[in-house]
$ cat query-v2.pdb   # PDB, C-alpha atoms, pLDDT in the B column
ATOM      1  CA  MET D  24      -5.967   8.877   5.692  1.00 44.00           C
ATOM      2  CA  SER D  25      -9.463   8.137   6.894  1.00 45.00           C
ATOM      3  CA  GLU D  26     -10.392   5.316   9.214  1.00 47.00           C
ATOM      4  CA  GLN D  27     -11.520   2.072   7.550  1.00 46.00           C
ATOM      5  CA  ASN D  28     -15.310   2.061   7.224  1.00 52.00           C
ATOM      6  CA  ASN D  29     -15.686  -1.456   5.829  1.00 56.00           C
ATOM      7  CA  SER D  30     -14.804  -4.745   7.457  1.00 76.00           C
ATOM      8  CA  GLN D  31     -12.572  -5.911   4.597  1.00 88.00           C
ATOM      9  CA  PRO D  32      -8.836  -5.431   5.094  1.00 94.00           C
ATOM     10  CA  ARG D  33      -6.932  -3.276   2.618  1.00 96.00           C
ATOM     11  CA  ILE D  34      -4.718  -4.969   0.041  1.00 97.00           C
ATOM     12  CA  PHE D  35      -1.301  -3.415  -0.635  1.00 97.00           C
ATOM     13  CA  LYS D  36       0.347  -4.225  -3.967  1.00 96.00           C
ATOM     14  CA  THR D  37       3.879  -3.634  -5.175  1.00 94.00           C
ATOM     15  CA  GLY D  38       4.773  -5.344  -8.417  1.00 90.00           C
ATOM     16  CA  ALA D  39       3.525  -8.953  -8.190  1.00 93.00           C
ATOM     17  CA  VAL D  40       3.469  -8.906  -4.364  1.00 95.00           C
ATOM     18  CA  ARG D  41       0.123  -8.652  -2.545  1.00 96.00           C
ATOM     19  CA  ILE D  42       0.080  -7.856   1.168  1.00 96.00           C
ATOM     20  CA  VAL D  43      -3.190  -8.125   3.085  1.00 96.00           C
ATOM     21  CA  GLU D  44      -3.647  -5.660   5.937  1.00 95.00           C
ATOM     22  CA  ASP D  45      -3.305  -7.238   9.375  1.00 94.00           C
ATOM     23  CA  GLU D  46      -3.624  -5.917  12.932  1.00 93.00           C
ATOM     24  CA  SER D  47      -0.192  -4.264  12.799  1.00 91.00           C
ATOM     25  CA  MET D  48      -1.300  -2.076   9.848  1.00 93.00           C
ATOM     26  CA  HIS D  49      -4.897  -1.433  10.898  1.00 91.00           C
ATOM     27  CA  GLY D  50      -5.481   2.260  11.480  1.00 92.00           C
ATOM     28  CA  LEU D  51      -2.257   3.350   9.758  1.00 95.00           C
ATOM     29  CA  SER D  52      -2.358   5.776   6.838  1.00 96.00           C
ATOM     30  CA  ASN D  53      -0.951   4.730   3.465  1.00 95.00           C
ATOM     31  CA  GLU D  54       2.179   6.811   4.148  1.00 96.00           C
ATOM     32  CA  GLU D  55       2.689   5.103   7.504  1.00 96.00           C
ATOM     33  CA  VAL D  56       2.299   1.679   5.863  1.00 95.00           C
ATOM     34  CA  ARG D  57       4.860   2.751   3.234  1.00 95.00           C
ATOM     35  CA  ASN D  58       7.326   3.559   6.042  1.00 95.00           C
ATOM     36  CA  VAL D  59       6.764   0.112   7.577  1.00 94.00           C
ATOM     37  CA  LEU D  60       7.146  -1.747   4.272  1.00 94.00           C
ATOM     38  CA  LYS D  61      10.053   0.150   2.725  1.00 93.00           C
ATOM     39  CA  ALA D  62      12.604  -1.754   4.833  1.00 93.00           C
ATOM     40  CA  THR D  63      11.540  -4.960   3.054  1.00 94.00           C
ATOM     41  CA  TYR D  64      10.538  -3.410  -0.288  1.00 93.00           C
ATOM     42  CA  PRO D  65      12.911  -0.465  -0.905  1.00 91.00           C
ATOM     43  CA  GLU D  66      11.356   0.256  -4.312  1.00 90.00           C
ATOM     44  CA  ILE D  67       8.269   1.718  -2.609  1.00 93.00           C
ATOM     45  CA  ALA D  68      10.263   4.468  -0.848  1.00 91.00           C
ATOM     46  CA  ASN D  69       9.709   6.829  -3.798  1.00 91.00           C
ATOM     47  CA  ALA D  70       6.714   5.080  -5.358  1.00 94.00           C
ATOM     48  CA  THR D  71       3.473   6.798  -6.266  1.00 95.00           C
ATOM     49  CA  ILE D  72       0.510   5.616  -4.202  1.00 96.00           C
ATOM     50  CA  ARG D  73      -2.741   4.826  -6.017  1.00 97.00           C
ATOM     51  CA  GLU D  74      -5.804   3.812  -3.995  1.00 96.00           C
ATOM     52  CA  VAL D  75      -8.711   2.100  -5.753  1.00 96.00           C
ATOM     53  CA  THR D  76     -11.946   0.641  -4.419  1.00 95.00           C
ATOM     54  CA  THR D  77     -13.238  -2.414  -6.251  1.00 93.00           C
ATOM     55  CA  ASP D  78     -16.911  -3.035  -7.038  1.00 94.00           C
ATOM     56  CA  GLU D  79     -17.059  -5.318  -3.996  1.00 92.00           C
ATOM     57  CA  GLY D  80     -15.878  -2.489  -1.723  1.00 92.00           C
ATOM     58  CA  GLN D  81     -12.319  -3.837  -1.297  1.00 94.00           C
ATOM     59  CA  THR D  82      -9.683  -1.105  -0.998  1.00 96.00           C
ATOM     60  CA  VAL D  83      -6.545  -1.813  -3.021  1.00 97.00           C
ATOM     61  CA  VAL D  84      -3.496   0.400  -2.446  1.00 97.00           C
ATOM     62  CA  GLU D  85      -0.889   0.135  -5.194  1.00 97.00           C
ATOM     63  CA  PHE D  86       2.686   1.332  -4.833  1.00 96.00           C
ATOM     64  CA  LEU D  87       3.830   2.257  -8.354  1.00 94.00           C
ATOM     65  CA  PRO D  88       7.635   2.426  -8.447  1.00 88.00           C
ATOM     66  CA  GLN D  89       9.216   5.350 -10.254  1.00 84.00           C
ATOM     67  CA  PRO D  90      11.923   4.662 -12.824  1.00 80.00           C
ATOM     68  CA  GLY D  91      15.376   5.428 -11.492  1.00 72.00           C
ATOM     69  CA  ARG D  92      18.598   6.586 -13.094  1.00 68.00           C
ATOM     70  CA  LYS D  93      21.496   4.289 -13.665  1.00 65.00           C
ATOM     71  CA  GLY D  94      25.031   5.260 -12.885  1.00 60.00           C
TER      72      GLY D  94
END

$ encode --input "query-v2.pdb" --output "structure tokens"
Amino acid sequence: MSEQNNSQPRIFKTGAVRIVEDESMHGLSNEEVRNVLKATYPEIANATIREVTTDEGQTVVEFLPQPGRKG
């Protein structure tokens, strides 16, 4: 993805969990962040990524889990 142009850190959301971008994630694309986070949050491995910018210019990246099959 593109380099961050604003000074506000990105917010990553999965379910009710909010993760604020820190130095370890700065400069990483959304796919690279997914690879870092999927060890802790396995539901984002196949999640759809939706990126939204709020009116205040805050970038929010949502990982929307896909329904799985049982059995």

$ atom_distance --input "query-v2.pdb" --atom1 "CA of Asp45 (chain D)" --atom2 "CA of Pro90 (chain D)"
29.4 Å

$ residues_around --input "query-v2.pdb" --residues "region 62-74 of chain D" --least-positions-apart "4" --cutoff "10 Å" --atoms "only C-alpha atoms" --output "number ranges by chain"
D: 33-38, 40, 53-54, 57-58, 82-91

$ atom_distance --input "query-v2.pdb" --atom1 "CA of Thr77 (chain D)" --atom2 "CA of Ser47 (chain D)"
23.2 Å

$ atom_distance --input "query-v2.pdb" --atom1 "CA of Ile42 (chain D)" --atom2 "CA of Val56 (chain D)"
10.9 Å

$ build_atoms --input "query-v2.pdb" --residues "region 76-94 of chain D" --atoms "N, CA and C atoms" --output "PDB file, in the coordinates of the input"
ATOM      1  N   THR D  76     -10.947   1.472  -5.082  1.00 95.00           N
ATOM      2  CA  THR D  76     -11.946   0.641  -4.419  1.00 95.00           C
ATOM      3  C   THR D  76     -12.631  -0.196  -5.483  1.00 95.00           C
ATOM      4  N   THR D  77     -12.621  -1.509  -5.288  1.00 93.00           N
ATOM      5  CA  THR D  77     -13.238  -2.414  -6.251  1.00 93.00           C
ATOM      6  C   THR D  77     -14.759  -2.351  -6.133  1.00 93.00           C
ATOM      7  N   ASP D  78     -15.442  -3.005  -7.064  1.00 94.00           N
ATOM      8  CA  ASP D  78     -16.911  -3.035  -7.038  1.00 94.00           C
ATOM      9  C   ASP D  78     -17.444  -3.707  -5.780  1.00 94.00           C
ATOM     10  N   GLU D  79     -16.646  -4.618  -5.211  1.00 92.00           N
ATOM     11  CA  GLU D  79     -17.059  -5.318  -3.996  1.00 92.00           C
ATOM     12  C   GLU D  79     -16.768  -4.508  -2.732  1.00 92.00           C
ATOM     13  N   GLY D  80     -16.175  -3.331  -2.870  1.00 92.00           N
ATOM     14  CA  GLY D  80     -15.878  -2.489  -1.723  1.00 92.00           C
ATOM     15  C   GLY D  80     -14.500  -2.727  -1.121  1.00 92.00           C
ATOM     16  N   GLN D  81     -13.688  -3.550  -1.763  1.00 94.00           N
ATOM     17  CA  GLN D  81     -12.319  -3.837  -1.297  1.00 94.00           C
ATOM     18  C   GLN D  81     -11.404  -2.676  -1.679  1.00 94.00           C
ATOM     19  N   THR D  82     -10.638  -2.173  -0.720  1.00 96.00           N
ATOM     20  CA  THR D  82      -9.683  -1.105  -0.998  1.00 96.00           C
ATOM     21  C   THR D  82      -8.344  -1.719  -1.364  1.00 96.00           C
ATOM     22  N   VAL D  83      -7.838  -1.333  -2.544  1.00 97.00           N
ATOM     23  CA  VAL D  83      -6.545  -1.813  -3.021  1.00 97.00           C
ATOM     24  C   VAL D  83      -5.620  -0.603  -3.120  1.00 97.00           C
ATOM     25  N   VAL D  84      -4.484  -0.671  -2.426  1.00 97.00           N
ATOM     26  CA  VAL D  84      -3.496   0.400  -2.446  1.00 97.00           C
ATOM     27  C   VAL D  84      -2.300  -0.112  -3.230  1.00 97.00           C
ATOM     28  N   GLU D  85      -2.003   0.551  -4.350  1.00 97.00           N
ATOM     29  CA  GLU D  85      -0.889   0.135  -5.194  1.00 97.00           C
ATOM     30  C   GLU D  85       0.278   1.102  -5.015  1.00 97.00           C
ATOM     31  N   PHE D  86       1.469   0.542  -4.859  1.00 96.00           N
ATOM     32  CA  PHE D  86       2.686   1.332  -4.833  1.00 96.00           C
ATOM     33  C   PHE D  86       3.326   1.190  -6.209  1.00 96.00           C
ATOM     34  N   LEU D  87       3.320   2.272  -6.983  1.00 94.00           N
ATOM     35  CA  LEU D  87       3.830   2.257  -8.354  1.00 94.00           C
ATOM     36  C   LEU D  87       5.238   2.829  -8.353  1.00 94.00           C
ATOM     37  N   PRO D  88       6.256   1.956  -8.495  1.00 88.00           N
ATOM     38  CA  PRO D  88       7.635   2.426  -8.447  1.00 88.00           C
ATOM     39  C   PRO D  88       7.942   3.413  -9.575  1.00 88.00           C
ATOM     40  N   GLN D  89       8.776   4.374  -9.268  1.00 84.00           N
ATOM     41  CA  GLN D  89       9.216   5.350 -10.254  1.00 84.00           C
ATOM     42  C   GLN D  89      10.520   4.873 -10.887  1.00 84.00           C
ATOM     43  N   PRO D  90      10.668   5.074 -12.203  1.00 80.00           N
ATOM     44  CA  PRO D  90      11.923   4.662 -12.824  1.00 80.00           C
ATOM     45  C   PRO D  90      13.097   5.455 -12.258  1.00 80.00           C
ATOM     46  N   GLY D  91      14.185   4.769 -12.028  1.00 72.00           N
ATOM     47  CA  GLY D  91      15.376   5.428 -11.492  1.00 72.00           C
ATOM     48  C   GLY D  91      16.426   5.668 -12.566  1.00 72.00           C
ATOM     49  N   ARG D  92      17.494   6.315 -12.175  1.00 68.00           N
ATOM     50  CA  ARG D  92      18.598   6.586 -13.094  1.00 68.00           C
ATOM     51  C   ARG D  92      19.736   5.610 -12.799  1.00 68.00           C
ATOM     52  N   LYS D  93      20.348   5.163 -13.834  1.00 65.00           N
ATOM     53  CA  LYS D  93      21.496   4.289 -13.665  1.00 65.00           C
ATOM     54  C   LYS D  93      22.766   5.124 -13.627  1.00 65.00           C
ATOM     55  N   GLY D  94      23.723   4.622 -12.875  1.00 60.00           N
ATOM     56  CA  GLY D  94      25.031   5.260 -12.885  1.00 60.00           C
ATOM     57  C   GLY D  94      25.189   6.296 -11.941  1.00 60.00           C
TER      58      GLY D  94
END
